[in-house]
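A short write-up of the structure that comes next.
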Amino acid sequence: LSIRRQRQMCIRDSTNHTLLPEALEKWPVELFERLLPRHITIIYEINRRFMQQVEARFPGDTARQMRMSLIEEQPRRQVRMAYLSIVGSHSTNGVAALHSALLQKDVLSDFHAMYPERFNNKTNGVTQRRWLLKANPGLSALITGAIGDTWVTDLSELRTLIPLAEDAAFRERFRAVKRSAKQVLARHVKKHWDINLNVDSIIDSQVKRLHEYKRQLLNALHIVMIYNRLKKNPSLAMTPRTFIFAAKAAPGYTMAKLIIKFINNLGEVINSDKAVREKLQVYFLPNYQVSLAEKIIPATDVSEQISLAGLEASGTGNMKFMMNGALTIGTLDGANVEMLEEVGPDNIFIFGLTTPQVAELRGYYNPRWHYENDPETREALDLIASGFFDRGEPNLFKPILNTLLEQGDHYMHLADLKAYADAHGKVAQLYRDPEAWTRKAIMNVACSGKFSSDRTILEYARDIWNVVPVPVMS
């Protein structure tokens with residue numbers, strides 16, 4: 001391609017992958033002037049012309065011009081890089097339907113008013129050739145044996161599996177495949193970390209980037225609640241549960257690293273407690289990466305997608321788990337909304353505040369109310385506060401408690417904790433009926449076709465890039 005053509009292609013699309021401020025980068029003008037003086041000159045000229053367009057479209061609205069300017073003046077002069085990308089492209093999209101709507105209504109509302117025709121949605125996808133065909137050969141073979149192999153290049157074909165959810169023999173083979181995947185994971189964790197994984201337990205996984213909005217801490221608080229129940233009643237009837245975490249945190253993200261430490265300590269305490277470890281195990285697997293994900297995802301029964309509603313752009317792990325027959329416990333956030341639409345409310349565990357409810361609650365949310373009015377919440381936090389999980393480092397987790405109770409619990413863990421625990425009660429109840437569980441697991445696989453990256457890329461090609469496939473020469 002010519003240099004000019006390459007430049008044209010580079011600015012065709014602006015794709016936004018999170019609503020969080022940290023991703024809407026702002027670069028200091030001083031840094032530009034010192035290191036990239038020519039670039040900042042060009043940005044100034046782009047902004048001058050853009051401000052003329054804003055004035056022409058919204059005459060006299062100086063407040064709007066200040067909000068939309070590519071240069072933020074206060075508290076210090078910075079280039080608003082996301083705004084620059086919008087002005088410099090002809091298409092702006094989010095990566096899930098909810099995310100795209102929030103971009104248009106909230107984060108980028110001024111730009112949507114300016115360029116409504118530029119905004120669209122392109123829901124994320126994952127490649128079934130990596131995350132099903134390669135990662136889960138047992139399930140892939142079962143599917144191909146039942147419906148043929150056209151699903152490998154057209155994932156929508158998985159819908160032909162729907163009638164097989166009512167086939168007892170197919171359900172039995174499906175359970176055998178899941179157990180085999182658990183055994184593969186068990187051998188892996190035994191070899192690398194000397195972990196004895198209970199393959200007869202419910203494998204519950206939350207594997208993704210560690211961030212407070214993704215609420216790994218909510219998961220951990222619920223585990224403390226289960227631990228308290230078992231300590232009060234060691235004979236409590238419950239299907240054994242194995243909670244698996246894996247994640248990496250940004251190098252300077254202190255709270256995220258402290259949450260990782262808390263989950264590790266939680267696991268050390270629980271896994272060494274003879275009174276509960278036959279029913280409850282917790283593992284934080286190190287060095288999370290694709291090769292590890294390829295073993296965790298096929299083995300998982302329950303997929304944790306529990307971000308605070310309105311903050312997860314889309315998610316792709318949720319799609320990978322669904323495609324491999326895990327049932328999702330999640331909030332109405334990101335692509336969970338579309339997963340619910342595809343699989344139906346009976347085949348997914350949705351809980352918690354919705355995006356409008358989060359916005360409504362934000363002004364007067366008081367996490368202490370939940371501490372004072374829900375006994376299990378209070379007992380869990382009191383156990384943490386007692387130093388029970390500190391493992392010889394006094395007050396180690398005090399910052400977590402301060403974040404929850406003294407600093408406003410910005411990600412509303414305590415607001416959703418009881419609903420989350422109740423949803424897990426439904427998970428446990430359903431799992432006691434293997435036939436009913438397997439029906440829903442098969443339905444999740446069958447309804448995952450929308451979430452192929454093939455569909456995503458075709459939408460980009462059709463709606464944004466204006467390109468068509470090149471015919472394959474025979």
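Every chain in the structure tokens takes a letter, A first, then B, and so on in the order presented; its residues are numbered from 1, and the ligands are numbered from 1 following the presented order.
DSSP, applied to the backbone of this structure, assigns strand (DSSP E or B) to the following residues of segment 278-401 of chain A: Leu280, Gln281, Val282, Tyr283, Phe284, Val302, Ser303, Glu304, Gln305, Leu327, Thr328, Ile329, Gly330, Phe349 and Ile350 of chain A.
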Give me a file of those residues, with N, CA, C and O atoms, as a short mmCIF file (atom, residue, chain, number, x, y, z; two decimals), in the first residue's frame.
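Result went into selection.cif, see below:
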```cif
data_model
loop_
_atom_site.label_atom_id
_atom_site.label_comp_id
_atom_site.auth_asym_id
_atom_site.auth_seq_id
_atom_site.Cartn_x
_atom_site.Cartn_y
_atom_site.Cartn_z
N LEU A 280 -14.37 -26.98 50.64
CA LEU A 280 -14.06 -25.66 50.12
C LEU A 280 -12.56 -25.53 49.88
O LEU A 280 -11.76 -25.77 50.79
N GLN A 281 -12.20 -25.17 48.66
CA GLN A 281 -10.80 -24.93 48.33
C GLN A 281 -10.71 -23.63 47.52
O GLN A 281 -11.62 -23.29 46.75
N VAL A 282 -9.58 -22.93 47.69
CA VAL A 282 -9.36 -21.66 47.00
C VAL A 282 -7.93 -21.63 46.47
O VAL A 282 -6.99 -21.84 47.25
N TYR A 283 -7.77 -21.35 45.18
CA TYR A 283 -6.43 -21.30 44.59
C TYR A 283 -6.29 -20.07 43.70
O TYR A 283 -7.15 -19.78 42.86
N PHE A 284 -5.20 -19.37 43.90
CA PHE A 284 -4.81 -18.29 42.98
C PHE A 284 -3.63 -18.82 42.17
O PHE A 284 -2.53 -18.98 42.69
N VAL A 302 -18.55 -22.93 36.59
CA VAL A 302 -19.16 -21.63 36.86
C VAL A 302 -18.20 -20.51 36.47
O VAL A 302 -17.07 -20.47 36.96
N SER A 303 -18.66 -19.63 35.63
CA SER A 303 -17.87 -18.50 35.14
C SER A 303 -18.28 -17.24 35.88
O SER A 303 -19.45 -16.85 35.87
N GLU A 304 -17.31 -16.58 36.53
CA GLU A 304 -17.57 -15.37 37.32
C GLU A 304 -17.38 -14.12 36.44
O GLU A 304 -16.27 -13.81 36.03
N GLN A 305 -18.48 -13.41 36.19
CA GLN A 305 -18.46 -12.19 35.38
C GLN A 305 -19.23 -11.12 36.16
O GLN A 305 -20.34 -10.77 35.82
N LEU A 327 -21.61 -22.27 33.08
CA LEU A 327 -22.74 -21.39 33.35
C LEU A 327 -22.22 -20.10 33.98
O LEU A 327 -21.36 -20.15 34.86
N THR A 328 -22.75 -18.98 33.54
CA THR A 328 -22.27 -17.68 33.99
C THR A 328 -23.06 -17.19 35.18
O THR A 328 -24.30 -17.23 35.18
N ILE A 329 -22.35 -16.71 36.21
CA ILE A 329 -22.96 -15.91 37.26
C ILE A 329 -22.43 -14.50 37.03
O ILE A 329 -21.23 -14.27 37.00
N GLY A 330 -23.36 -13.56 36.79
CA GLY A 330 -22.87 -12.25 36.39
C GLY A 330 -23.89 -11.15 36.57
O GLY A 330 -25.09 -11.37 36.77
N PHE A 349 -27.11 -17.02 35.48
CA PHE A 349 -27.41 -16.53 36.81
C PHE A 349 -27.09 -15.03 36.88
O PHE A 349 -25.94 -14.64 37.07
N ILE A 350 -28.11 -14.20 36.70
CA ILE A 350 -27.93 -12.75 36.73
C ILE A 350 -28.33 -12.22 38.11
O ILE A 350 -29.34 -12.64 38.67
#
```
- Task: Would you mind listing what lies within 7 Å of segment 413-420 of chain A as number ranges by chain, with only C-alpha atoms counted and same-chain residues fewer than 2 positions away left out?
- Result: A: 218, 351-353, 367, 370, 409, 411, 422-424
Would you output that residue set with N, CA, C and O atoms, as a CSV table (one decimal), in the first residue's frame?
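So out-v4.csv came out as:
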```
chain,number,residue,atom,x,y,z
A,218,LEU,N,-15.3,-9.1,45.6
A,218,LEU,CA,-16.7,-9.5,45.9
A,218,LEU,C,-16.7,-11.0,46.0
A,218,LEU,O,-17.3,-11.6,46.9
A,351,PHE,N,-27.5,-11.3,38.6
A,351,PHE,CA,-27.8,-10.8,40.0
A,351,PHE,C,-27.4,-9.3,40.0
A,351,PHE,O,-26.7,-8.8,39.1
A,352,GLY,N,-27.8,-8.6,41.0
A,352,GLY,CA,-27.2,-7.3,41.4
A,352,GLY,C,-27.8,-6.1,40.7
A,352,GLY,O,-28.7,-6.2,39.9
A,353,LEU,N,-27.2,-5.0,41.0
A,353,LEU,CA,-27.6,-3.7,40.5
A,353,LEU,C,-27.5,-3.6,39.0
A,353,LEU,O,-26.5,-4.1,38.5
A,367,PRO,N,-22.2,2.1,52.4
A,367,PRO,CA,-21.8,0.7,52.6
A,367,PRO,C,-22.0,0.3,54.0
A,367,PRO,O,-22.2,-0.9,54.3
A,370,HIS,N,-25.1,-1.8,54.9
A,370,HIS,CA,-25.0,-3.3,54.7
A,370,HIS,C,-24.3,-4.0,55.8
A,370,HIS,O,-24.6,-5.1,56.2
A,409,ASP,N,-16.7,2.6,49.3
A,409,ASP,CA,-16.9,1.4,48.5
A,409,ASP,C,-17.4,1.7,47.1
A,409,ASP,O,-18.5,1.4,46.7
A,411,TYR,N,-17.0,0.7,44.2
A,411,TYR,CA,-17.4,-0.3,43.3
A,411,TYR,C,-18.6,-1.2,43.8
A,411,TYR,O,-18.9,-2.2,43.3
A,422,ASP,N,-27.0,-15.0,47.2
A,422,ASP,CA,-28.2,-15.7,46.9
A,422,ASP,C,-28.1,-16.3,45.6
A,422,ASP,O,-28.7,-17.5,45.4
A,423,ALA,N,-27.5,-15.7,44.6
A,423,ALA,CA,-27.4,-16.3,43.3
A,423,ALA,C,-26.5,-17.5,43.4
A,423,ALA,O,-26.8,-18.5,42.7
A,424,HIS,N,-25.5,-17.5,44.2
A,424,HIS,CA,-24.6,-18.7,44.4
A,424,HIS,C,-25.4,-19.8,45.0
A,424,HIS,O,-25.2,-21.0,44.8
```
- Message: My list of candidates is A:Leu139, A:Ala461, A:Ile260, A:Met255. Which is closest to Ile442 of chain A when distances are computed with only C-alpha atoms?
- Response: A:Leu139
- Task: For segment 389-403 of chain A, work out the shell of residues within 10 Å, counting only C-alpha atoms and skipping chain neighbours fewer than 4 positions away, then give it as a list in words.
- Result: Leu217, Met255, Ala256, Leu258, Ile259, Lys261, Phe262, Ile263, Asn264, Asn265, Leu266, Gly267, Glu268, Val269, Ile270, Leu381, Asp382, Leu383, Ile384, Ala385, Gln407, Gly408, Asp409, His410 and Tyr411 of chain A
- Determine, counting only C-alpha atoms, which protein, DNA and RNA residues have an atom within 12 Å of an atom of Asp346 of chain A; residues of the same chain fewer than 2 positions away are not included. Present the result as a PyMOL selection string. chain A and resi 327-329+339-344+348-350+426-427+430+436-437+439-441+443-444
Just the selected residues (N, CA, C and O atoms), exported as a PDB file, in the first residue's frame, please.
```
ATOM      1  N   LEU A 327     -21.608 -22.266  33.083  1.00  0.00           N
ATOM      2  CA  LEU A 327     -22.739 -21.390  33.348  1.00  0.00           C
ATOM      3  C   LEU A 327     -22.220 -20.103  33.982  1.00  0.00           C
ATOM      4  O   LEU A 327     -21.356 -20.150  34.862  1.00  0.00           O
ATOM      5  N   THR A 328     -22.746 -18.984  33.539  1.00  0.00           N
ATOM      6  CA  THR A 328     -22.268 -17.681  33.990  1.00  0.00           C
ATOM      7  C   THR A 328     -23.061 -17.193  35.184  1.00  0.00           C
ATOM      8  O   THR A 328     -24.300 -17.233  35.178  1.00  0.00           O
ATOM      9  N   ILE A 329     -22.349 -16.711  36.208  1.00  0.00           N
ATOM     10  CA  ILE A 329     -22.962 -15.905  37.257  1.00  0.00           C
ATOM     11  C   ILE A 329     -22.435 -14.497  37.031  1.00  0.00           C
ATOM     12  O   ILE A 329     -21.226 -14.271  37.002  1.00  0.00           O
ATOM     13  N   MET A 339     -25.306 -12.012  26.130  1.00  0.00           N
ATOM     14  CA  MET A 339     -25.317 -13.442  26.437  1.00  0.00           C
ATOM     15  C   MET A 339     -26.665 -13.852  27.006  1.00  0.00           C
ATOM     16  O   MET A 339     -27.214 -14.902  26.648  1.00  0.00           O
ATOM     17  N   LEU A 340     -27.215 -13.009  27.882  1.00  0.00           N
ATOM     18  CA  LEU A 340     -28.550 -13.267  28.428  1.00  0.00           C
ATOM     19  C   LEU A 340     -29.582 -13.340  27.310  1.00  0.00           C
ATOM     20  O   LEU A 340     -30.441 -14.229  27.298  1.00  0.00           O
ATOM     21  N   GLU A 341     -29.491 -12.422  26.362  1.00  0.00           N
ATOM     22  CA  GLU A 341     -30.435 -12.421  25.247  1.00  0.00           C
ATOM     23  C   GLU A 341     -30.319 -13.697  24.420  1.00  0.00           C
ATOM     24  O   GLU A 341     -31.326 -14.245  23.945  1.00  0.00           O
ATOM     25  N   GLU A 342     -29.100 -14.174  24.241  1.00  0.00           N
ATOM     26  CA  GLU A 342     -28.888 -15.363  23.403  1.00  0.00           C
ATOM     27  C   GLU A 342     -29.328 -16.647  24.087  1.00  0.00           C
ATOM     28  O   GLU A 342     -29.973 -17.506  23.475  1.00  0.00           O
ATOM     29  N   VAL A 343     -28.981 -16.801  25.362  1.00  0.00           N
ATOM     30  CA  VAL A 343     -29.188 -18.087  26.032  1.00  0.00           C
ATOM     31  C   VAL A 343     -30.487 -18.127  26.839  1.00  0.00           C
ATOM     32  O   VAL A 343     -30.984 -19.205  27.182  1.00  0.00           O
ATOM     33  N   GLY A 344     -31.050 -16.961  27.158  1.00  0.00           N
ATOM     34  CA  GLY A 344     -32.289 -16.911  27.925  1.00  0.00           C
ATOM     35  C   GLY A 344     -32.043 -16.888  29.423  1.00  0.00           C
ATOM     36  O   GLY A 344     -31.040 -17.407  29.911  1.00  0.00           O
ATOM     37  N   ILE A 348     -28.662 -18.730  32.779  1.00  0.00           N
ATOM     38  CA  ILE A 348     -27.604 -17.848  33.252  1.00  0.00           C
ATOM     39  C   ILE A 348     -28.042 -17.297  34.606  1.00  0.00           C
ATOM     40  O   ILE A 348     -29.252 -17.169  34.864  1.00  0.00           O
ATOM     41  N   PHE A 349     -27.107 -17.018  35.476  1.00  0.00           N
ATOM     42  CA  PHE A 349     -27.415 -16.526  36.812  1.00  0.00           C
ATOM     43  C   PHE A 349     -27.087 -15.027  36.883  1.00  0.00           C
ATOM     44  O   PHE A 349     -25.939 -14.638  37.074  1.00  0.00           O
ATOM     45  N   ILE A 350     -28.115 -14.196  36.699  1.00  0.00           N
ATOM     46  CA  ILE A 350     -27.931 -12.752  36.729  1.00  0.00           C
ATOM     47  C   ILE A 350     -28.329 -12.223  38.111  1.00  0.00           C
ATOM     48  O   ILE A 350     -29.344 -12.637  38.671  1.00  0.00           O
ATOM     49  N   LYS A 426     -28.487 -20.481  44.316  1.00  0.00           N
ATOM     50  CA  LYS A 426     -29.188 -21.093  43.184  1.00  0.00           C
ATOM     51  C   LYS A 426     -28.247 -21.965  42.359  1.00  0.00           C
ATOM     52  O   LYS A 426     -28.644 -23.019  41.851  1.00  0.00           O
ATOM     53  N   VAL A 427     -26.986 -21.511  42.218  1.00  0.00           N
ATOM     54  CA  VAL A 427     -25.984 -22.309  41.515  1.00  0.00           C
ATOM     55  C   VAL A 427     -25.824 -23.665  42.196  1.00  0.00           C
ATOM     56  O   VAL A 427     -25.859 -24.726  41.548  1.00  0.00           O
ATOM     57  N   LEU A 430     -28.888 -25.972  41.764  1.00  0.00           N
ATOM     58  CA  LEU A 430     -28.993 -26.545  40.419  1.00  0.00           C
ATOM     59  C   LEU A 430     -27.954 -27.638  40.206  1.00  0.00           C
ATOM     60  O   LEU A 430     -28.254 -28.676  39.591  1.00  0.00           O
ATOM     61  N   ALA A 436     -30.311 -31.495  34.949  1.00  0.00           N
ATOM     62  CA  ALA A 436     -30.753 -30.114  34.721  1.00  0.00           C
ATOM     63  C   ALA A 436     -29.555 -29.205  34.449  1.00  0.00           C
ATOM     64  O   ALA A 436     -29.607 -28.335  33.566  1.00  0.00           O
ATOM     65  N   TRP A 437     -28.480 -29.410  35.211  1.00  0.00           N
ATOM     66  CA  TRP A 437     -27.270 -28.596  35.003  1.00  0.00           C
ATOM     67  C   TRP A 437     -26.721 -28.806  33.582  1.00  0.00           C
ATOM     68  O   TRP A 437     -26.383 -27.844  32.895  1.00  0.00           O
ATOM     69  N   ARG A 439     -28.242 -29.822  30.885  1.00  0.00           N
ATOM     70  CA  ARG A 439     -29.102 -29.196  29.870  1.00  0.00           C
ATOM     71  C   ARG A 439     -28.713 -27.727  29.671  1.00  0.00           C
ATOM     72  O   ARG A 439     -28.574 -27.253  28.545  1.00  0.00           O
ATOM     73  N   LYS A 440     -28.541 -27.026  30.781  1.00  0.00           N
ATOM     74  CA  LYS A 440     -28.220 -25.599  30.704  1.00  0.00           C
ATOM     75  C   LYS A 440     -26.815 -25.381  30.156  1.00  0.00           C
ATOM     76  O   LYS A 440     -26.560 -24.410  29.415  1.00  0.00           O
ATOM     77  N   ALA A 441     -25.900 -26.257  30.516  1.00  0.00           N
ATOM     78  CA  ALA A 441     -24.533 -26.137  29.991  1.00  0.00           C
ATOM     79  C   ALA A 441     -24.519 -26.324  28.476  1.00  0.00           C
ATOM     80  O   ALA A 441     -23.844 -25.579  27.746  1.00  0.00           O
ATOM     81  N   MET A 443     -27.006 -25.776  26.476  1.00  0.00           N
ATOM     82  CA  MET A 443     -27.655 -24.600  25.906  1.00  0.00           C
ATOM     83  C   MET A 443     -26.675 -23.433  25.794  1.00  0.00           C
ATOM     84  O   MET A 443     -26.725 -22.650  24.833  1.00  0.00           O
ATOM     85  N   ASN A 444     -25.791 -23.301  26.753  1.00  0.00           N
ATOM     86  CA  ASN A 444     -24.800 -22.227  26.680  1.00  0.00           C
ATOM     87  C   ASN A 444     -23.870 -22.421  25.490  1.00  0.00           C
ATOM     88  O   ASN A 444     -23.564 -21.469  24.766  1.00  0.00           O
TER      89      ASN A 444
END
```
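For Val337 of chain A, the list of residues within 9 Å, based on only C-alpha atoms and with local chain neighbours fewer than 4 positions off taken out, reads Ala96, Ala97, Leu98, Thr331, Leu332, Asp333, Glu341 and Glu342 of chain A.
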Can I get the selected residues back with N, CA and C atoms, as a tab-separated table (two decimals), in the first residue's frame?
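Saved result, part-v4.tsv, follows:
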```tsv
chain	number	residue	atom	x	y	z
A	96	ALA	N	-19.51	-3.71	23.10
A	96	ALA	CA	-20.72	-4.43	23.49
A	96	ALA	C	-21.86	-3.44	23.34
A	97	ALA	N	-23.07	-3.92	23.19
A	97	ALA	CA	-24.21	-3.04	22.95
A	97	ALA	C	-24.40	-2.06	24.11
A	98	LEU	N	-24.32	-2.57	25.35
A	98	LEU	CA	-24.46	-1.69	26.51
A	98	LEU	C	-23.37	-0.64	26.54
A	331	THR	N	-23.37	-9.94	36.48
A	331	THR	CA	-24.20	-8.74	36.49
A	331	THR	C	-24.63	-8.41	35.06
A	332	LEU	N	-25.60	-7.51	34.95
A	332	LEU	CA	-26.02	-7.05	33.62
A	332	LEU	C	-25.03	-6.00	33.14
A	333	ASP	N	-23.88	-6.45	32.72
A	333	ASP	CA	-22.80	-5.57	32.33
A	333	ASP	C	-22.11	-6.13	31.09
A	341	GLU	N	-29.49	-12.42	26.36
A	341	GLU	CA	-30.43	-12.42	25.25
A	341	GLU	C	-30.32	-13.70	24.42
A	342	GLU	N	-29.10	-14.17	24.24
A	342	GLU	CA	-28.89	-15.36	23.40
A	342	GLU	C	-29.33	-16.65	24.09
```
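Excluding Asp149 of chain A itself and same-chain residues fewer than 3 positions from it, the residues having an atom within 12 Å of it are Gln128, Arg129, Leu133, Ser140, Ala141, Leu142, Ile143, Thr144, Gly145, Ala146, Val152, Thr153, Asp154, Leu155, Ser156, Glu157, Leu158 and Thr160 of chain A, counting only C-alpha atoms.
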- Excluding Leu84 of chain A and any residue of its chain fewer than 5 positions from it, enumerate the residues within 9 Å of it, using only C-alpha atoms, and give them as an NGL selection string. :A and (43 or 46-47 or 70 or 79 or 89)
